[in-house]
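*Asks:* data-v8.cif is reproduced in full below (mmCIF, C-alpha atoms).
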```
data_start
loop_
_atom_site.label_atom_id
_atom_site.label_comp_id
_atom_site.auth_asym_id
_atom_site.auth_seq_id
_atom_site.Cartn_x
_atom_site.Cartn_y
_atom_site.Cartn_z
CA MET A 7 174.21 136.14 65.61
CA ALA A 8 170.74 134.87 66.36
CA ASP A 9 168.81 135.62 69.53
CA THR A 10 170.52 133.92 72.45
CA SER A 11 167.94 134.88 75.03
CA THR A 12 168.00 132.50 77.94
CA THR A 13 164.52 133.34 79.18
CA ALA A 14 163.08 129.92 79.85
CA PRO A 15 159.47 129.16 78.97
CA PRO A 16 157.24 128.02 81.85
CA LYS A 17 157.21 124.32 82.66
CA GLN A 18 153.57 123.93 83.66
CA PRO A 19 150.72 124.82 81.30
CA THR A 20 149.58 128.44 81.55
CA ALA A 21 145.86 129.19 81.89
CA ALA A 22 145.66 129.69 78.11
CA ASP A 23 147.57 126.43 77.57
CA ALA A 24 145.13 124.57 79.82
CA ALA A 25 142.17 125.75 77.74
CA LEU A 26 143.84 124.55 74.52
CA LEU A 27 144.89 121.23 76.02
CA SER A 28 141.46 120.66 77.50
CA TYR A 29 139.93 121.20 74.07
CA ALA A 30 142.37 118.67 72.60
CA LEU A 31 141.42 116.28 75.41
CA GLY A 32 137.72 116.50 74.52
CA LEU A 33 138.63 115.53 70.96
CA GLU A 34 140.75 112.61 72.20
CA PHE A 35 137.79 111.34 74.26
CA ALA A 36 135.64 111.58 71.14
CA MET A 37 138.23 109.62 69.14
CA VAL A 38 138.24 106.89 71.81
CA ASP A 39 134.48 106.50 71.41
CA ILE A 40 134.61 106.72 67.62
CA TYR A 41 137.17 103.92 67.54
CA ALA A 42 135.08 101.88 69.98
CA ARG A 43 132.21 102.10 67.54
CA ALA A 44 134.49 101.29 64.60
CA THR A 45 135.95 98.32 66.46
CA ALA A 46 132.51 96.92 67.19
CA ALA A 47 131.47 97.18 63.54
CA ALA A 48 134.73 96.19 61.84
CA LYS A 49 136.07 92.75 60.97
CA ASP A 50 139.45 91.11 60.54
CA ASP A 51 142.46 93.42 60.05
CA LEU A 52 140.58 96.68 60.51
CA LYS A 53 139.05 95.46 63.77
CA ALA A 54 142.47 94.80 65.30
CA VAL A 55 143.82 98.10 64.00
CA ALA A 56 140.83 100.09 65.26
CA GLU A 57 141.17 98.48 68.68
CA LEU A 58 144.89 99.32 68.85
CA PHE A 59 144.51 102.90 67.63
CA GLY A 60 141.57 103.48 69.97
CA ALA A 61 143.79 102.37 72.85
CA HIS A 62 146.42 104.89 71.76
CA HIS A 63 143.86 107.70 71.85
CA ARG A 64 142.80 106.51 75.31
CA ALA A 65 146.43 106.68 76.46
CA ALA A 66 146.72 110.20 75.04
CA ALA A 67 143.53 111.21 76.85
CA GLN A 68 144.79 109.75 80.11
CA SER A 69 148.09 111.62 79.84
CA LEU A 70 146.38 114.91 79.04
CA THR A 71 144.06 114.38 81.98
CA GLY A 72 147.04 113.71 84.23
CA LEU A 73 148.76 116.88 83.05
CA LEU A 74 145.70 119.11 83.45
CA GLY A 75 144.44 117.69 86.74
CA ARG A 76 141.28 119.43 87.87
CA LYS A 77 141.34 121.68 84.81
CA ALA A 78 140.78 118.69 82.53
CA THR A 79 137.49 118.24 80.76
CA THR A 80 135.83 114.96 81.65
CA GLY A 81 133.74 114.44 78.56
CA ARG A 82 134.15 114.02 74.83
CA ASN A 83 133.47 116.75 72.29
CA GLU A 84 129.83 115.86 71.67
CA LYS A 85 129.28 117.63 68.37
CA PHE A 86 132.46 116.17 66.88
CA TYR A 87 131.49 112.68 68.03
CA ALA A 88 127.92 113.02 66.77
CA GLU A 89 129.02 114.11 63.31
CA GLN A 90 131.92 111.70 62.86
CA SER A 91 131.04 108.46 64.63
CA ALA A 92 128.35 107.19 62.26
CA LYS A 93 130.77 107.33 59.31
CA ALA A 94 133.24 105.24 61.28
CA SER A 95 130.93 102.26 61.42
CA GLY A 96 128.42 102.35 58.61
CA GLY A 97 130.39 101.64 55.45
CA SER A 98 132.76 99.09 54.02
CA ALA A 99 136.13 98.43 55.63
CA LYS A 100 137.86 100.66 53.07
CA GLU A 101 135.36 103.47 53.58
CA THR A 102 135.72 103.23 57.33
CA ALA A 103 139.51 103.24 57.06
CA ALA A 104 139.39 106.27 54.77
CA HIS A 105 137.16 108.13 57.21
CA LEU A 106 139.38 107.25 60.19
CA ALA A 107 142.45 108.35 58.20
CA GLY A 108 140.79 111.71 57.64
CA LEU A 109 140.06 112.02 61.35
CA GLU A 110 143.65 111.14 62.28
CA ASN A 111 144.94 113.77 59.85
CA ALA A 112 142.54 116.29 61.36
CA MET A 113 143.86 115.41 64.83
CA VAL A 114 147.46 115.88 63.65
CA ALA A 115 146.61 119.27 62.16
CA THR A 116 144.78 120.27 65.35
CA HIS A 117 147.63 119.22 67.63
CA LEU A 118 150.16 121.06 65.43
CA LYS A 119 148.06 124.20 65.72
CA VAL A 120 147.84 123.75 69.49
CA LEU A 121 151.59 123.06 69.75
CA GLY A 122 152.40 126.28 67.93
CA THR A 123 150.59 128.21 70.62
CA LEU A 124 151.39 126.40 73.88
CA ARG A 125 153.88 128.17 76.13
CA GLY A 126 154.46 125.54 78.83
CA ILE A 127 157.09 122.91 78.13
CA ASP A 128 155.22 120.01 79.74
CA GLY A 129 152.14 120.45 77.57
CA ALA A 130 154.22 120.98 74.43
CA THR A 131 156.30 117.88 75.14
CA LEU A 132 153.21 115.73 75.62
CA VAL A 133 151.48 116.99 72.49
CA ALA A 134 154.71 116.49 70.53
CA SER A 135 154.74 112.84 71.61
CA ILE A 136 151.13 112.33 70.46
CA ILE A 137 151.50 113.94 67.00
CA PRO A 138 153.87 111.39 65.39
CA ILE A 139 151.72 108.46 66.48
CA GLU A 140 148.57 109.97 65.03
CA ALA A 141 150.50 110.72 61.82
CA ARG A 142 151.64 107.08 61.66
CA GLN A 143 148.06 105.93 62.28
CA ALA A 144 146.86 108.13 59.42
CA ALA A 145 149.50 106.60 57.13
CA VAL A 146 148.43 103.06 58.03
CA LEU A 147 144.72 103.83 57.60
CA VAL A 148 145.30 105.39 54.17
CA GLY A 149 146.88 102.07 53.19
CA LEU A 150 143.92 100.12 54.59
CA SER A 151 141.57 102.36 52.62
CA GLY A 152 143.10 100.91 49.47
CA SER A 153 145.48 103.69 48.48
CA SER A 154 149.20 103.14 48.19
CA ALA A 155 149.82 106.59 46.73
CA LEU A 156 152.52 108.40 48.67
CA ASP A 157 150.76 111.70 48.03
CA ASP A 158 147.78 110.36 49.99
CA ILE A 159 149.92 108.90 52.77
CA MET A 160 151.92 112.08 53.24
CA ALA A 161 148.96 114.44 52.88
CA LEU A 162 148.48 116.82 55.75
CA ASP A 163 146.09 119.71 55.39
CA ALA A 164 146.64 122.45 57.97
CA GLU A 165 143.15 123.70 57.14
CA ALA A 166 141.76 120.39 58.39
CA ALA A 167 142.47 121.38 62.00
CA ILE A 168 139.37 120.93 64.11
CA ASP A 169 137.93 124.33 64.85
CA PRO A 170 136.51 125.22 68.29
CA GLU A 171 133.94 127.43 66.56
CA THR A 172 132.62 124.51 64.52
CA TYR A 173 133.02 121.99 67.32
CA PRO A 174 132.81 123.89 70.61
CA ALA A 175 134.15 122.25 73.75
CA MET V 22 224.71 130.58 123.94
CA ASN V 23 226.29 127.76 122.08
CA ASP V 24 222.98 127.00 120.55
CA ASN V 25 222.58 130.62 119.46
CA ALA V 26 226.06 130.68 117.95
CA PHE V 27 225.30 127.45 116.14
CA ASN V 28 222.07 128.81 114.87
CA ARG V 29 223.66 132.00 113.65
CA ARG V 30 226.32 129.99 111.88
CA LYS V 31 223.73 127.72 110.32
CA PHE V 32 221.69 130.74 109.28
CA LEU V 33 224.65 132.37 107.59
CA GLN V 34 225.54 129.11 105.87
CA SER V 35 222.05 128.50 104.60
CA GLY V 36 221.68 132.14 103.64
CA GLY V 37 224.88 131.91 101.63
CA LEU V 38 223.63 128.78 99.93
CA ALA V 39 220.39 130.48 99.04
CA LEU V 40 222.21 133.45 97.55
CA ALA V 41 224.44 131.17 95.53
CA SER V 42 221.44 129.18 94.28
CA ALA V 43 219.64 132.36 93.29
CA ALA V 44 222.69 133.54 91.38
CA ILE V 45 222.93 130.25 89.47
CA LEU V 46 219.24 130.29 88.67
CA ALA V 47 219.45 133.90 87.56
CA ALA V 48 222.35 133.04 85.31
CA CYS V 49 220.43 130.15 83.82
CA GLY V 50 217.49 132.43 83.29
CA LYS V 51 219.58 134.82 81.27
CA ASN V 52 220.50 132.06 78.85
CA ASP V 53 217.31 131.02 77.08
CA LYS V 54 218.94 128.21 75.16
CA VAL V 55 219.92 126.47 78.35
CA ALA V 56 216.61 127.10 80.09
CA THR V 57 214.43 125.77 77.29
CA ALA V 58 216.60 122.80 76.43
CA TYR V 59 215.25 120.74 79.28
CA PRO V 60 211.61 119.67 79.48
CA ARG V 61 210.02 120.71 82.72
CA ILE V 62 207.06 119.33 84.59
CA GLY V 63 204.10 121.60 83.93
CA ASP V 64 205.05 122.59 80.38
CA SER V 65 202.09 122.31 78.01
CA PRO V 66 201.41 123.39 74.45
CA THR V 67 199.39 126.51 73.93
CA THR V 68 195.71 125.69 73.48
CA THR V 69 192.91 127.57 71.83
CA GLY V 70 189.58 127.39 73.59
CA LEU V 71 186.37 126.59 71.75
CA PRO V 72 184.21 129.57 70.87
CA GLU V 73 181.45 130.33 73.32
CA ALA V 74 178.34 128.47 72.22
CA HIS V 75 174.77 128.49 73.44
CA VAL V 76 172.07 125.96 72.66
CA THR V 77 169.49 128.27 71.16
CA ASP V 78 166.38 127.60 69.10
CA VAL V 79 168.43 128.42 66.00
CA VAL V 80 171.14 125.90 66.93
CA LEU V 81 168.52 123.18 67.35
CA LEU V 82 166.93 124.01 64.01
CA ARG V 83 170.35 124.10 62.31
CA THR V 84 171.02 120.65 63.74
CA ALA V 85 167.67 119.42 62.44
CA SER V 86 168.65 120.84 59.04
CA SER V 87 171.96 118.95 59.18
CA LEU V 88 170.00 115.73 59.76
CA GLU V 89 167.84 116.46 56.73
CA TRP V 90 171.01 116.76 54.65
CA CYS V 91 172.25 113.47 56.13
CA ALA V 92 169.04 111.85 54.91
CA ILE V 93 169.30 113.48 51.47
CA ASP V 94 172.88 112.23 51.09
CA ALA V 95 172.01 108.77 52.44
CA TYR V 96 169.13 108.32 50.00
CA THR V 97 171.40 109.48 47.15
CA ALA V 98 173.98 106.88 48.17
CA VAL V 99 171.35 104.16 48.56
CA ALA V 100 169.86 104.83 45.13
CA GLY V 101 173.36 104.92 43.65
CA LEU V 102 174.13 101.38 44.81
CA GLY V 103 171.88 100.08 42.05
CA ILE V 104 170.54 97.16 44.07
CA LEU V 105 167.09 98.42 45.02
CA PRO V 106 164.16 96.84 43.17
CA GLY V 107 162.20 99.06 40.83
CA ALA V 108 159.19 99.17 43.13
CA VAL V 109 161.22 100.73 45.94
CA LEU V 110 162.96 103.44 43.88
CA PRO V 111 159.93 105.78 43.67
CA VAL V 112 159.63 105.60 47.46
CA VAL V 113 163.31 106.50 47.87
CA LYS V 114 162.93 109.36 45.38
CA ARG V 115 159.81 110.67 47.11
CA PHE V 116 161.36 110.52 50.59
CA GLN V 117 164.51 112.24 49.34
CA ASP V 118 162.38 115.00 47.80
CA ASP V 119 160.52 115.35 51.10
CA HIS V 120 163.81 115.77 52.96
CA LYS V 121 164.87 118.43 50.46
CA SER V 122 161.59 120.25 51.11
CA HIS V 123 162.17 119.96 54.86
CA ALA V 124 165.69 121.37 54.52
CA ALA V 125 164.39 124.28 52.45
CA ALA V 126 161.61 124.94 54.98
CA LEU V 127 164.12 124.89 57.85
CA THR V 128 166.38 127.32 56.00
CA GLU V 129 163.52 129.80 55.85
CA VAL V 130 162.54 129.23 59.49
CA ILE V 131 166.15 129.72 60.62
CA LYS V 132 166.53 132.92 58.60
CA LYS V 133 163.27 134.23 60.01
CA ALA V 134 164.54 133.48 63.52
CA GLY V 135 167.64 135.56 62.79
CA GLY V 136 170.06 132.68 62.28
CA GLU V 137 172.44 131.49 59.61
CA PRO V 138 171.13 128.40 57.76
CA PHE V 139 173.15 125.19 57.92
CA GLU V 140 172.85 123.44 54.57
CA CYS V 141 175.07 120.40 54.77
CA ALA V 142 175.11 117.01 56.45
CA ASN V 143 176.00 116.52 60.11
CA GLU V 144 179.53 115.12 59.95
CA ARG V 145 179.33 113.49 63.35
CA ILE V 146 176.09 111.67 62.53
CA ASN V 147 177.57 110.57 59.21
CA THR V 148 180.75 109.34 60.86
CA LEU V 149 179.16 107.67 63.85
CA TYR V 150 176.02 106.20 62.36
CA ILE V 151 175.58 106.30 58.61
CA ALA V 152 179.03 105.44 57.24
CA PRO V 153 179.48 102.36 59.49
CA ALA V 154 175.97 101.18 58.65
CA VAL V 155 176.54 101.51 54.90
CA GLU V 156 179.83 99.62 55.27
CA LEU V 157 178.01 96.75 56.95
CA ILE V 158 175.73 96.56 53.92
CA THR V 159 178.21 97.09 51.07
CA GLY V 160 181.25 95.61 52.79
CA ASN V 161 184.72 97.09 53.15
CA LYS V 162 187.67 94.87 52.20
CA ASP V 163 190.22 97.16 53.83
CA LYS V 164 188.48 96.79 57.16
CA GLY V 165 187.67 93.12 56.69
CA ILE V 166 183.93 93.76 56.61
CA GLU V 167 182.00 91.34 54.42
CA ALA V 168 179.02 92.59 52.42
CA SER V 169 175.54 91.83 53.69
CA ASP V 170 173.79 88.74 52.37
CA THR V 171 170.46 90.65 52.43
CA PRO V 172 171.44 94.13 51.21
CA VAL V 173 168.00 95.28 50.06
CA ASP V 174 166.35 94.34 53.37
CA ASP V 175 169.19 95.99 55.26
CA LEU V 176 168.90 99.22 53.28
CA LEU V 177 165.21 99.41 54.15
CA VAL V 178 165.99 98.69 57.80
CA LEU V 179 168.65 101.42 57.80
CA ALA V 180 166.28 103.90 56.14
CA HIS V 181 163.61 103.02 58.70
CA GLY V 182 166.10 103.63 61.51
CA LEU V 183 167.16 107.00 60.09
CA GLU V 184 163.55 108.14 59.62
CA ASN V 185 162.80 107.15 63.21
CA LEU V 186 165.89 109.07 64.31
CA ALA V 187 164.69 112.17 62.48
CA ALA V 188 161.18 111.89 63.92
CA ALA V 189 162.53 111.42 67.45
CA THR V 190 164.91 114.37 67.04
CA TYR V 191 162.12 116.80 66.18
CA GLN V 192 160.01 115.45 69.02
CA TYR V 193 162.87 115.78 71.51
CA TYR V 194 163.77 119.28 70.37
CA VAL V 195 160.25 120.49 71.14
CA SER V 196 161.16 120.15 74.82
CA LEU V 197 164.23 122.38 74.23
CA ILE V 198 162.84 125.01 71.84
CA ALA V 199 161.65 128.14 73.61
CA GLN V 200 159.42 129.73 70.98
CA PRO V 201 156.02 128.01 70.50
CA ALA V 202 155.80 128.81 66.78
CA LEU V 203 159.16 127.12 66.17
CA ARG V 204 158.01 124.01 68.05
CA GLY V 205 155.01 123.79 65.74
CA ALA V 206 157.22 124.25 62.67
CA ALA V 207 159.56 121.51 63.90
CA MET V 208 156.81 118.96 64.49
CA THR V 209 155.15 119.75 61.17
CA ILE V 210 158.30 118.23 59.68
CA GLY V 211 158.66 115.61 62.43
CA GLN V 212 155.25 114.10 61.67
CA ASP V 213 156.34 113.70 58.04
CA GLU V 214 159.35 111.66 59.18
CA ALA V 215 157.02 109.50 61.28
CA ARG V 216 154.91 108.78 58.20
CA HIS V 217 158.06 107.82 56.27
CA ALA V 218 158.97 105.38 59.05
CA ALA V 219 155.44 103.91 58.98
CA VAL V 220 155.66 103.30 55.23
CA LEU V 221 159.09 101.67 55.51
CA ALA V 222 158.03 99.44 58.42
CA GLN V 223 155.22 98.06 56.29
CA ALA V 224 157.60 97.56 53.35
CA ILE V 225 159.94 95.56 55.61
CA ILE V 226 157.13 93.50 57.13
CA PRO V 227 154.26 93.49 54.61
CA ASP V 228 150.69 92.17 54.62
CA GLY V 229 149.57 94.16 57.64
CA LYS V 230 151.98 92.39 59.96
CA GLY V 231 154.22 95.43 60.25
CA ILE V 232 151.57 97.74 61.69
CA ALA V 233 151.69 96.80 65.38
CA PRO V 234 154.78 95.92 67.46
CA SER V 235 155.96 92.32 67.15
CA ILE V 236 158.99 90.22 68.06
CA ASN V 237 161.31 88.45 65.63
CA GLU V 238 161.08 84.80 66.68
CA LYS V 239 164.64 84.05 65.51
CA THR V 240 166.41 86.91 67.26
CA GLY V 241 164.03 87.81 70.05
CA LYS V 242 164.39 91.48 69.03
CA ALA V 243 161.57 93.89 68.19
CA ASN V 244 160.55 94.03 64.53
CA PRO V 245 160.07 97.39 62.82
CA ALA V 246 156.51 98.61 63.41
CA ALA V 247 154.52 101.29 61.64
CA VAL V 248 152.89 102.32 64.92
CA PRO V 249 155.27 101.15 67.66
CA GLY V 250 153.42 102.59 70.66
CA ALA V 251 150.93 105.09 72.02
CA PHE V 252 153.52 107.89 72.17
CA GLY V 253 156.54 108.81 70.09
CA SER V 254 159.57 107.14 71.59
CA LEU V 255 162.80 108.95 72.48
CA ALA V 256 164.64 105.74 73.34
CA ALA V 257 167.70 104.64 71.37
CA ILE V 258 166.75 103.22 67.96
CA SER V 259 168.16 99.71 67.58
CA PHE V 260 168.32 97.54 64.48
CA ALA V 261 170.44 94.75 63.04
CA ILE V 262 172.09 94.75 59.60
CA GLY V 263 175.10 93.27 57.80
CA LYS V 264 176.25 89.77 56.94
CA THR V 265 174.42 87.07 58.83
CA SER V 266 176.75 85.26 61.21
CA GLU V 267 176.91 81.48 61.67
CA ALA V 268 174.73 81.97 64.72
CA GLY V 269 172.10 83.61 62.51
CA THR V 270 172.58 87.11 63.89
CA LYS V 271 173.50 90.42 62.30
CA THR V 272 175.41 93.38 63.71
CA GLN V 273 173.31 95.38 66.13
CA LEU V 274 173.43 99.18 65.75
CA SER V 275 171.93 101.85 67.96
CA LEU V 276 171.09 105.46 67.06
CA ASP V 277 170.51 108.31 69.51
CA THR V 278 169.14 111.78 68.87
CA PRO V 279 171.91 114.39 68.36
CA SER V 280 173.11 115.70 71.69
CA LEU V 281 175.47 118.50 72.76
CA ASN V 282 178.50 117.16 70.89
CA SER V 283 176.58 116.79 67.61
CA LEU V 284 174.79 120.13 67.43
CA ALA V 285 175.29 122.59 64.58
CA TYR V 286 176.39 125.48 66.79
CA GLU V 287 176.29 128.98 65.38
CA TYR V 288 180.08 129.17 65.04
CA ALA V 289 180.05 126.03 62.82
CA SER V 290 179.72 126.33 59.07
CA CYS V 291 179.53 123.93 56.15
#
```
Would you put the structure from the file into structure tokens?

*Replies:*
Amino acid sequence: MADTSTTAPPKQPTAADAALLSYALGLEFAMVDIYARATAAAKDDLKAVAELFGAHHRAAAQSLTGLLGRKATTGRNEKFYAEQSAKASGGSAKETAAHLAGLENAMVATHLKVLGTLRGIDGATLVASIIPIEARQAAVLVGLSGSSALDDIMALDAEAAIDPETYPA
Amino acid sequence: MNDNAFNRRKFLQSGGLALASAAILAACGKNDKVATAYPRIGDSPTTTGLPEAHVTDVVLLRTASSLEWCAIDAYTAVAGLGILPGAVLPVVKRFQDDHKSHAAALTEVIKKAGGEPFECANERINTLYIAPAVELITGNKDKGIEASDTPVDDLLVLAHGLENLAAATYQYYVSLIAQPALRGAAMTIGQDEARHAAVLAQAIIPDGKGIAPSINEKTGKANPAAVPGAFGSLAAISFAIGKTSEAGTKTQLSLDTPSLNSLAYEYASC
């Protein structure tokens, strides 16, 4: 028989959880600003989509802030924003969509990595509710980039997780 | 004194009655045929209790595996109906292959966690949700159910509902799973199901109109949406399929994530 241990995990985020969630929050803030820039530059269908998806990242950021309280970071991940925002507004609609799809996939991979480490139930539950939406957004953006290949839509690269060493908080 | 004498007499009388009653009862007791011939209040058949069962990480993952097998079987049945257009078949094949990969991945995760894999469909989910839905699409003469007038659309709507159910199940189970690594493994699969649902929503409502939430003007119900909100929903998944009534409506179905009475407990086997 498998382990039937009834030791319950903590409800609130541990100190280590808070650091991970705060890092994820900085990335969400960056995504809000990246989408704001994409929305301003985009037209037609992509404009409406970018506005909607940006609002979803804002909602995620607000929820993470609410969970972390005073431990929450208040600013975006600057290096991530600086490197990624220009590509979200400079090209054609398909290029922009492709870039945003890549960012959504990177966010999914990052959140999955975070989720696999979090001990507190509240943080894990919140991150688990954000992941499927970002995956859906990636799927939609792949379509808007001009690809209908299921391999592209379903692609998730665990190695694409955003690394705190490359993009420090 | 008279009272005492009366009482003594009454006592002896009642005592004698009690002795006589006891003798009769004892005699009855000696004869089993007589005693068991009459039903008595309080008799009940012997019952066997259910095995002790705990909701562990392994049980939750086994249940997730049973859902994957439900999806595999459902896609097999859908493809076997022979009514899907050629453009949809590769999608069905791909999604079925994905569910097979998920089931295989779960088998490994369950083994690693010290559990026994569960490699068959969840009977309760099949009975409660999938079989009745398929009947609404294909019809069932014995039950007086007419076939749907829009079977292809309904199959896509059903598939969308089942993918949403799978995605919601993984998301919900994260709040119940104790080990962080297993939560991550669960949502790695859950996000795949969410992508499936997004693809199907856009197949049901094409041309970019199926991306954001919208309302069906005829029914007043929510249309399928690729991205239905800012957070994954754990609410019941509702959709309408089957033959269109004179009022222009279809049968409304509702799916909920597997709860205590639908789990693949460790004592259960395929």

*Asks:* Within 8 Å of chain A, which residues belong to chain V? Use all atoms listed in the file and report them as a ChimeraX atom specification.

*Replies:* /V:75,77,79,112,115,134-137,188,192-193,195-196,199-206,208-209,211-213,215-216,218-220,229,232,247-248,250-254,287

*Asks:* Could those selected residues go to a file with C-alpha atoms, as a tab-separated table (two decimals), in the coordinates of the input?

*Replies:*
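The resulting selection-v1.tsv:
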```tsv
chain	number	residue	atom	x	y	z
V	75	HIS	CA	174.77	128.49	73.44
V	77	THR	CA	169.49	128.27	71.16
V	79	VAL	CA	168.43	128.42	66.00
V	112	VAL	CA	159.63	105.60	47.46
V	115	ARG	CA	159.81	110.67	47.11
V	134	ALA	CA	164.54	133.48	63.52
V	135	GLY	CA	167.64	135.56	62.79
V	136	GLY	CA	170.06	132.68	62.28
V	137	GLU	CA	172.44	131.49	59.61
V	188	ALA	CA	161.18	111.89	63.92
V	192	GLN	CA	160.01	115.45	69.02
V	193	TYR	CA	162.87	115.78	71.51
V	195	VAL	CA	160.25	120.49	71.14
V	196	SER	CA	161.16	120.15	74.82
V	199	ALA	CA	161.65	128.14	73.61
V	200	GLN	CA	159.42	129.73	70.98
V	201	PRO	CA	156.02	128.01	70.50
V	202	ALA	CA	155.80	128.81	66.78
V	203	LEU	CA	159.16	127.12	66.17
V	204	ARG	CA	158.01	124.01	68.05
V	205	GLY	CA	155.01	123.79	65.74
V	206	ALA	CA	157.22	124.25	62.67
V	208	MET	CA	156.81	118.96	64.49
V	209	THR	CA	155.15	119.75	61.17
V	211	GLY	CA	158.66	115.61	62.43
V	212	GLN	CA	155.25	114.10	61.67
V	213	ASP	CA	156.34	113.70	58.04
V	215	ALA	CA	157.02	109.50	61.28
V	216	ARG	CA	154.91	108.78	58.20
V	218	ALA	CA	158.97	105.38	59.05
V	219	ALA	CA	155.44	103.91	58.98
V	220	VAL	CA	155.66	103.30	55.23
V	229	GLY	CA	149.57	94.16	57.64
V	232	ILE	CA	151.57	97.74	61.69
V	247	ALA	CA	154.52	101.29	61.64
V	248	VAL	CA	152.89	102.32	64.92
V	250	GLY	CA	153.42	102.59	70.66
V	251	ALA	CA	150.93	105.09	72.02
V	252	PHE	CA	153.52	107.89	72.17
V	253	GLY	CA	156.54	108.81	70.09
V	254	SER	CA	159.57	107.14	71.59
V	287	GLU	CA	176.29	128.98	65.38
```

*Asks:* Here's the selection I'm unsure about, the PyMOL selection byres ((chain A and resi 88) around 12); applied to the file above, which residues does it give, as an NGL selection string?

*Replies:* :A and (33 or 36-37 or 39-40 or 43 or 82-87 or 89-94 or 173)

*Asks:* On this file, the PyMOL selection byres ((chain V and resi 149) around 12) gives some set of residues; write that set as a list in words.

*Replies:*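 So the PyMOL selection byres ((chain V and resi 149) around 12) ends up selecting Cys91, Asn143, Glu144, Arg145, Ile146, Asn147, Thr148, Tyr150, Ile151, Ala152, Pro153, Ala154, Val155, Glu156, Leu274, Ser275, Leu276, Asp277, Thr278, Pro279, Asn282 and Ser283 of chain V.
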
*Asks:* Run the PyMOL selection byres ((chain V and resi 92-106) around 8) on the file and write out the hits as a PyMOL selection string.

*Replies:* chain V and resi 88-91+107-110+113-114+117-118+120-121+142+151+172-173+176+183

*Asks:* Counting only C-alpha atoms, figure out which residue out of A:Ser151, A:Lys77, A:Glu57, A:Met113 gets nearest to Glu101 in chain A.

*Replies:*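 Looking at the shortest contact to Glu101 in chain A, the residue is A:Ser151.
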
*Asks:* Counting all atoms listed in the file, which of V:Gly70, V:Ser86, V:Ala233, V:Leu177 gets nearest to Val130 in chain V?

*Replies:* V:Ser86

*Asks:* If you measure from CA of Tyr29 in chain A to CA of Leu109 in chain A, what distance in Å do you get, rounded to one decimal?

*Replies:* 15.7 Å

*Asks:* Can you list, as a PyMOL selection string, every protein, DNA or RNA residue that comes within 8 Å of Leu284 in chain V when you count all atoms listed in the file, leaving out same-chain residues fewer than 3 positions away?

*Replies:* chain V and resi 80-81+83-84+279-281

*Asks:* How would the residues just picked look written out with C-alpha atoms as a PDB file, in the frame of the given file?

*Replies:*
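Output (out25.pdb):
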```
ATOM      1  CA  VAL V  80     171.140 125.900  66.930  1.00  0.00           C
ATOM      2  CA  LEU V  81     168.520 123.180  67.350  1.00  0.00           C
ATOM      3  CA  ARG V  83     170.350 124.100  62.310  1.00  0.00           C
ATOM      4  CA  THR V  84     171.020 120.650  63.740  1.00  0.00           C
ATOM      5  CA  PRO V 279     171.910 114.390  68.360  1.00  0.00           C
ATOM      6  CA  SER V 280     173.110 115.700  71.690  1.00  0.00           C
ATOM      7  CA  LEU V 281     175.470 118.500  72.760  1.00  0.00           C
TER       8      LEU V 281
END
```

*Asks:* Hey, can you check how far CA of Asp228 in chain V sits from CA of Glu214 in chain V?

*Replies:*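 According to the coordinates, CA of Asp228 in chain V and CA of Glu214 in chain V are separated by 21.8 Å.
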
*Asks:* Rounded to one decimal place, report the CA of Pro19 in chain A-CA of Thr80 in chain A distance in Å.

*Replies:*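 Computing it gives 17.9 Å between the two atoms.
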
*Asks:* Would you mind listing what lies within 9 Å of Pro245 in chain V as number ranges by chain, with all atoms listed in the file counted and same-chain residues fewer than 6 positions away left out?

*Replies:* V: 178, 181-182, 218-219, 221-223, 225-226, 231-236, 260

*Asks:* Can those selected residues be exported to a file as a PDB file, in the coordinates of the input so that it contains C-alpha atoms?

*Replies:*
```pdb
ATOM      1  CA  VAL V 178     165.990  98.690  57.800  1.00  0.00           C
ATOM      2  CA  HIS V 181     163.610 103.020  58.700  1.00  0.00           C
ATOM      3  CA  GLY V 182     166.100 103.630  61.510  1.00  0.00           C
ATOM      4  CA  ALA V 218     158.970 105.380  59.050  1.00  0.00           C
ATOM      5  CA  ALA V 219     155.440 103.910  58.980  1.00  0.00           C
ATOM      6  CA  LEU V 221     159.090 101.670  55.510  1.00  0.00           C
ATOM      7  CA  ALA V 222     158.030  99.440  58.420  1.00  0.00           C
ATOM      8  CA  GLN V 223     155.220  98.060  56.290  1.00  0.00           C
ATOM      9  CA  ILE V 225     159.940  95.560  55.610  1.00  0.00           C
ATOM     10  CA  ILE V 226     157.130  93.500  57.130  1.00  0.00           C
ATOM     11  CA  GLY V 231     154.220  95.430  60.250  1.00  0.00           C
ATOM     12  CA  ILE V 232     151.570  97.740  61.690  1.00  0.00           C
ATOM     13  CA  ALA V 233     151.690  96.800  65.380  1.00  0.00           C
ATOM     14  CA  PRO V 234     154.780  95.920  67.460  1.00  0.00           C
ATOM     15  CA  SER V 235     155.960  92.320  67.150  1.00  0.00           C
ATOM     16  CA  ILE V 236     158.990  90.220  68.060  1.00  0.00           C
ATOM     17  CA  PHE V 260     168.320  97.540  64.480  1.00  0.00           C
TER      18      PHE V 260
END
```
